[in-house]
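**Q** One file is attached below, run.txt, containing compact mmCIF, C-alpha atoms and all ligand atoms.
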# COMPACT_ATOMS: atom_id res chain seq x y z
CA MET N 1 257.21 86.45 102.28
CA PRO N 2 259.77 88.97 103.70
CA SER N 3 258.61 90.38 106.99
CA PHE N 4 258.69 94.04 105.86
CA LEU N 5 256.16 93.23 103.12
CA ARG N 6 253.80 91.68 105.66
CA LEU N 7 254.02 94.87 107.72
CA LYS N 8 252.75 97.06 104.89
CA PRO N 9 249.04 96.20 105.08
CA MET N 10 249.15 96.62 108.85
CA ILE N 11 250.67 100.10 108.54
CA ALA N 12 248.11 101.03 105.88
CA MET N 13 245.26 99.91 108.13
CA LEU N 14 246.60 101.75 111.17
CA THR N 15 246.99 104.91 109.08
CA LEU N 16 243.42 104.59 107.86
CA LEU N 17 242.22 104.12 111.41
CA ALA N 18 244.14 107.17 112.63
CA LEU N 19 242.85 109.35 109.79
CA THR N 20 239.29 108.21 110.43
CA PHE N 21 239.44 109.18 114.08
CA ILE N 22 241.18 112.48 113.38
CA SER N 23 238.46 113.49 110.90
CA ALA N 24 235.77 112.30 113.31
CA SER N 25 237.09 114.42 116.18
CA ARG N 26 237.55 117.40 113.87
CA ALA N 27 233.94 117.30 112.70
CA LEU N 28 232.67 116.90 116.25
CA ALA N 29 234.68 119.88 117.47
CA HIS N 30 233.19 122.54 115.20
CA ALA N 31 230.18 124.82 115.37
CA ASP N 32 227.91 123.01 112.92
CA TYR N 33 224.44 123.91 111.72
CA VAL N 34 221.77 122.57 114.08
CA SER N 35 218.56 124.30 112.99
CA SER N 36 217.31 127.49 111.42
CA GLU N 37 214.31 129.71 110.86
CA PRO N 38 213.25 129.44 108.08
CA PRO N 39 214.25 125.77 108.14
CA ALA N 40 216.74 124.48 105.56
CA ASN N 41 214.94 123.30 102.43
CA GLY N 42 211.64 124.36 103.97
CA THR N 43 208.83 126.47 102.55
CA VAL N 44 207.44 129.51 104.32
CA THR N 45 204.12 131.10 103.41
CA SER N 46 204.87 134.67 104.50
CA ALA N 47 207.93 136.81 103.94
CA PRO N 48 210.38 136.23 106.81
CA GLU N 49 211.79 139.34 108.48
CA ARG N 50 214.99 137.62 109.49
CA VAL N 51 217.02 134.44 109.29
CA VAL N 52 218.01 132.73 112.54
CA ILE N 53 220.56 129.91 112.65
CA VAL N 54 221.41 127.80 115.70
CA PHE N 55 224.85 126.16 115.86
CA SER N 56 226.30 123.36 117.98
CA GLN N 57 228.99 125.46 119.71
CA GLU N 58 229.50 128.83 121.30
CA LEU N 59 230.41 131.54 118.78
CA LYS N 60 232.66 134.57 118.99
CA PRO N 61 230.92 137.97 118.94
CA GLU N 62 232.85 138.89 115.75
CA GLY N 63 233.56 137.09 112.49
CA ASN N 64 230.12 135.64 111.80
CA THR N 65 228.19 136.38 108.62
CA ILE N 66 224.87 135.30 107.18
CA ARG N 67 224.36 136.32 103.55
CA VAL N 68 220.94 135.79 101.98
CA THR N 69 220.41 136.11 98.22
CA ASP N 70 217.40 135.71 95.94
CA ALA N 71 217.30 133.48 92.86
CA ARG N 72 219.07 136.15 90.79
CA GLY N 73 221.86 136.49 93.31
CA ASN N 74 220.76 139.84 94.73
CA GLN N 75 221.50 140.34 98.41
CA VAL N 76 218.30 140.56 100.46
CA ASP N 77 219.79 140.65 103.96
CA ARG N 78 220.72 143.89 105.66
CA GLY N 79 224.28 142.91 106.48
CA ASP N 80 223.66 143.11 110.21
CA THR N 81 224.54 139.57 111.29
CA THR N 82 224.76 139.42 115.06
CA LEU N 83 224.67 136.98 117.95
CA ASP N 84 221.17 136.51 119.36
CA ARG N 85 221.27 138.33 122.71
CA ASN N 86 218.42 136.13 123.92
CA ASP N 87 220.57 133.01 123.65
CA PRO N 88 222.74 132.82 126.80
CA ASN N 89 224.76 130.01 125.19
CA ARG N 90 225.80 132.30 122.30
CA LYS N 91 225.10 129.65 119.68
CA THR N 92 222.55 131.61 117.64
CA LEU N 93 223.06 134.07 114.77
CA ILE N 94 220.49 136.47 113.36
CA VAL N 95 220.41 138.61 110.23
CA SER N 96 217.50 140.83 109.25
CA LEU N 97 216.00 140.77 105.76
CA SER N 98 214.67 143.45 103.43
CA PRO N 99 210.93 143.86 104.03
CA GLY N 100 208.34 142.44 101.66
CA LEU N 101 210.32 139.72 99.90
CA SER N 102 208.55 138.21 96.90
CA ASP N 103 207.90 134.54 96.24
CA GLY N 104 210.92 132.54 95.20
CA VAL N 105 213.88 130.46 96.31
CA TYR N 106 216.41 132.10 98.62
CA THR N 107 219.92 130.94 99.41
CA VAL N 108 221.51 131.38 102.82
CA ASN N 109 225.31 131.30 103.01
CA TRP N 110 226.72 131.34 106.49
CA LYS N 111 230.20 131.58 108.00
CA ASN N 112 230.79 131.35 111.70
CA ALA N 113 233.68 131.77 114.14
CA SER N 114 233.49 129.52 117.16
CA THR N 115 235.25 130.26 120.42
CA ASP N 116 237.66 127.34 119.86
CA GLY N 117 239.20 129.35 117.02
CA HIS N 118 237.65 127.37 114.17
CA SER N 119 235.53 128.72 111.35
CA GLU N 120 232.84 126.83 109.47
CA THR N 121 230.85 127.67 106.36
CA GLY N 122 227.64 126.26 104.98
CA ARG N 123 224.68 126.95 102.79
CA PHE N 124 221.00 126.09 102.57
CA ARG N 125 217.92 127.21 100.71
CA PHE N 126 214.38 128.02 101.64
CA THR N 127 211.35 128.79 99.51
CA LEU N 128 208.90 131.63 100.01
CA SER N 129 205.53 130.76 98.53
CA ALA N 130 202.61 132.83 99.75
CA GLY N 131 200.12 130.37 98.20
CA ALA N 132 201.66 127.20 99.61
CA THR N 133 200.04 125.24 102.41
CA PRO N 134 202.32 124.74 105.42
CA ALA N 135 202.12 120.97 104.83
CA ALA N 136 204.34 121.46 101.77
CA ALA N 137 207.26 121.97 104.14
CA ALA N 138 206.67 118.70 105.95
CA THR N 139 209.82 116.92 104.75
CA PRO N 140 212.81 119.26 104.99
CA LEU N 141 216.04 117.64 103.88
CA PRO N 142 219.10 117.80 106.09
CA ALA N 143 221.03 121.02 105.76
CA THR N 144 224.26 121.05 103.84
CA SER N 145 227.29 122.09 105.78
CA GLY N 146 230.91 122.72 105.07
CA GLU N 147 231.71 119.39 106.59
CA GLU N 148 230.06 116.01 106.86
CA ALA N 149 227.54 115.56 109.63
CA PRO N 150 229.12 113.98 112.74
CA TRP N 151 226.91 110.89 112.48
CA LEU N 152 228.18 110.31 108.95
CA VAL N 153 231.78 110.46 110.14
CA LEU N 154 231.02 108.13 113.04
CA LEU N 155 229.36 105.72 110.59
CA ALA N 156 232.49 105.85 108.42
CA ALA N 157 234.66 105.23 111.49
CA GLY N 158 232.54 102.21 112.44
CA ALA N 159 232.74 100.83 108.91
CA GLY N 160 236.51 101.38 108.91
CA VAL N 161 236.94 99.46 112.16
CA MET N 162 234.79 96.59 110.85
CA LEU N 163 236.81 96.53 107.61
CA ILE N 164 240.07 96.35 109.55
CA GLY N 165 238.74 93.57 111.73
CA TRP N 166 237.68 91.64 108.67
CA ALA N 167 241.07 92.16 106.97
CA LEU N 168 242.96 91.05 110.08
CA ARG N 169 240.83 87.93 110.35
CA ARG N 170 241.55 87.09 106.74
CA ARG N 171 245.27 87.49 107.35
CA VAL N 172 245.14 85.22 110.37
CA MET N 173 243.17 82.60 108.45
CA HIS N 174 245.66 82.72 105.55
CA GLN N 175 248.59 82.21 107.91
CA SER N 176 247.11 79.17 109.62
CU CU F 1 236.38 123.50 116.15
Output the file's structure as structure tokens, nothing else.
Ligand SMILES: [Cu+2]
**A**
Amino acid sequence: MPSFLRLKPMIAMLTLLALTFISASRALAHADYVSSEPPANGTVTSAPERVVIVFSQELKPEGNTIRVTDARGNQVDRGDTTLDRNDPNRKTLIVSLSPGLSDGVYTVNWKNASTDGHSETGRFRFTLSAGATPAAAATPLPATSGEEAPWLVLLAAGAGVMLIGWALRRRVMHQS
């Protein structure tokens, strides 16, 4: 086999490895969703007066928006997204909601601007059900974000490294 052909799989694997680590560091360096009130995919039993979202990084004072809509797409927030002044780390956003929301499913779309110059977007839902027992919200699903969760990327990186190790071993065994 000509030597340049034997180099090809090696280059492909190194490229894959590089891309994996680049995407991993990118995901880890952004202001991602950490938690919220109401919680993502949770059910609340009384009309919330505001939506609060905590992120993983410090945010800029400008350029952040939380938009909350009802099931018909009508805006129910008051367009006053702001940093939570009670959070000295500046990782928390707040938007106030129209009073007296009725039962239903609400969608929260957020966009943030972190101090490292990056912007992230994401979305989650919560349900308002005045008759529901709080136990109904016992198993909230992970929130969806604009990017994969860091642990998912790290898992992919680990799998990639294992795959490369396995491929290299195969190559060595074929040569001997
Ligand atoms: Cu970033």
**Q** Using only C-alpha atoms and all ligand atoms, which residue out of N:Phe55, N:Ala31, N:Arg72, N:Ala47 lies closest to ligand CU 1 (chain F)?
**A** N:Ala31
**Q** Write out as a list in words each polymer residue whose atoms come within 7 Å of Ser35 (chain N), counting only C-alpha atoms; drop sequence neighbours fewer than 3 positions from it.
**A** Pro39, Ile53 and Val54 of chain N
**Q** Residues contacting ligand CU 1 (chain F) - anything with an atom at most 9 Å away, using only C-alpha atoms and all ligand atoms - can you give me those as a list in words?
**A**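 The neighbouring residues of ligand CU 1 (chain F) are, in order, Arg26, Ala27, Leu28, Ala29, His30, Ala31, Gln57, Ala113, Ser114, Thr115, Asp116, Gly117, His118, Ser119 and Glu120 of chain N.
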**Q** Which residue, N:Leu168, N:Leu154, N:Ser96, N:Ala130, has the smallest gap to Val68 (chain N) when you use only C-alpha atoms?
**A**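 Nearest to Val68 (chain N): N:Ser96.
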**Q** What is the CA of Thr107 (chain N) to CA of Phe124 (chain N) distance in Å?
**A**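 Rounded to one decimal, the two atoms are 5.9 Å apart.
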**Q** Of the candidates N:Met162, N:Met10, N:Ile94, N:Val51, which one gets nearest to Thr69 (chain N) if we count all atoms listed in the file?
**A**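 Residue with the minimum atom-to-atom distance to Thr69 (chain N): N:Val51.
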**Q** Using all atoms listed in the file - which residues lie no farther than 12 Å from the point (218.1, 137.4, 108.4) in the file's frame? Write them as an MDAnalysis selection string.
**A** chainID N and resid 36:38 47:53 65:69 75:84 92:99 101 106:110
**Q** Tell me, in Å to one decimal, how far CA of Lys8 (chain N) is from CA of Ala156 (chain N).
**A**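 Distance between the two atoms: 22.4 Å.
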**Q** Could you tell me which of N:Ser102, N:Thr20, N:Thr127, N:Thr133 comes closest to Ala40 (chain N) if we count all atoms listed in the file?
**A**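 That would be N:Thr127, the residue with the smallest distance to Ala40 (chain N).
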**Q** Rank N:Asn112, N:Gly165, N:Ile11, N:Arg125 by their smallest atom-to-atom distance to Glu62 (chain N), using all atoms listed in the file, and report the top residue only.
**A** N:Asn112
**Q** Taking all atoms listed in the file into account, name the residue in N:Tyr33, N:Ala167, N:Leu7, N:Leu16 that is nearest to Thr121 (chain N).
**A** N:Tyr33
**Q** Interatomic distance between CA of Leu19 (chain N) and CA of Lys91 (chain N)?
**A**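 These two atoms are separated by 28.7 Å.
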**Q** Near Leu163 (chain N), within 10 Å and counting only C-alpha atoms, which residues show up once chain neighbours fewer than 6 positions away are dropped, as a list of chain:residue names?
**A**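 Contacts, in chain order: N:Met13, N:Ala157, N:Arg169.
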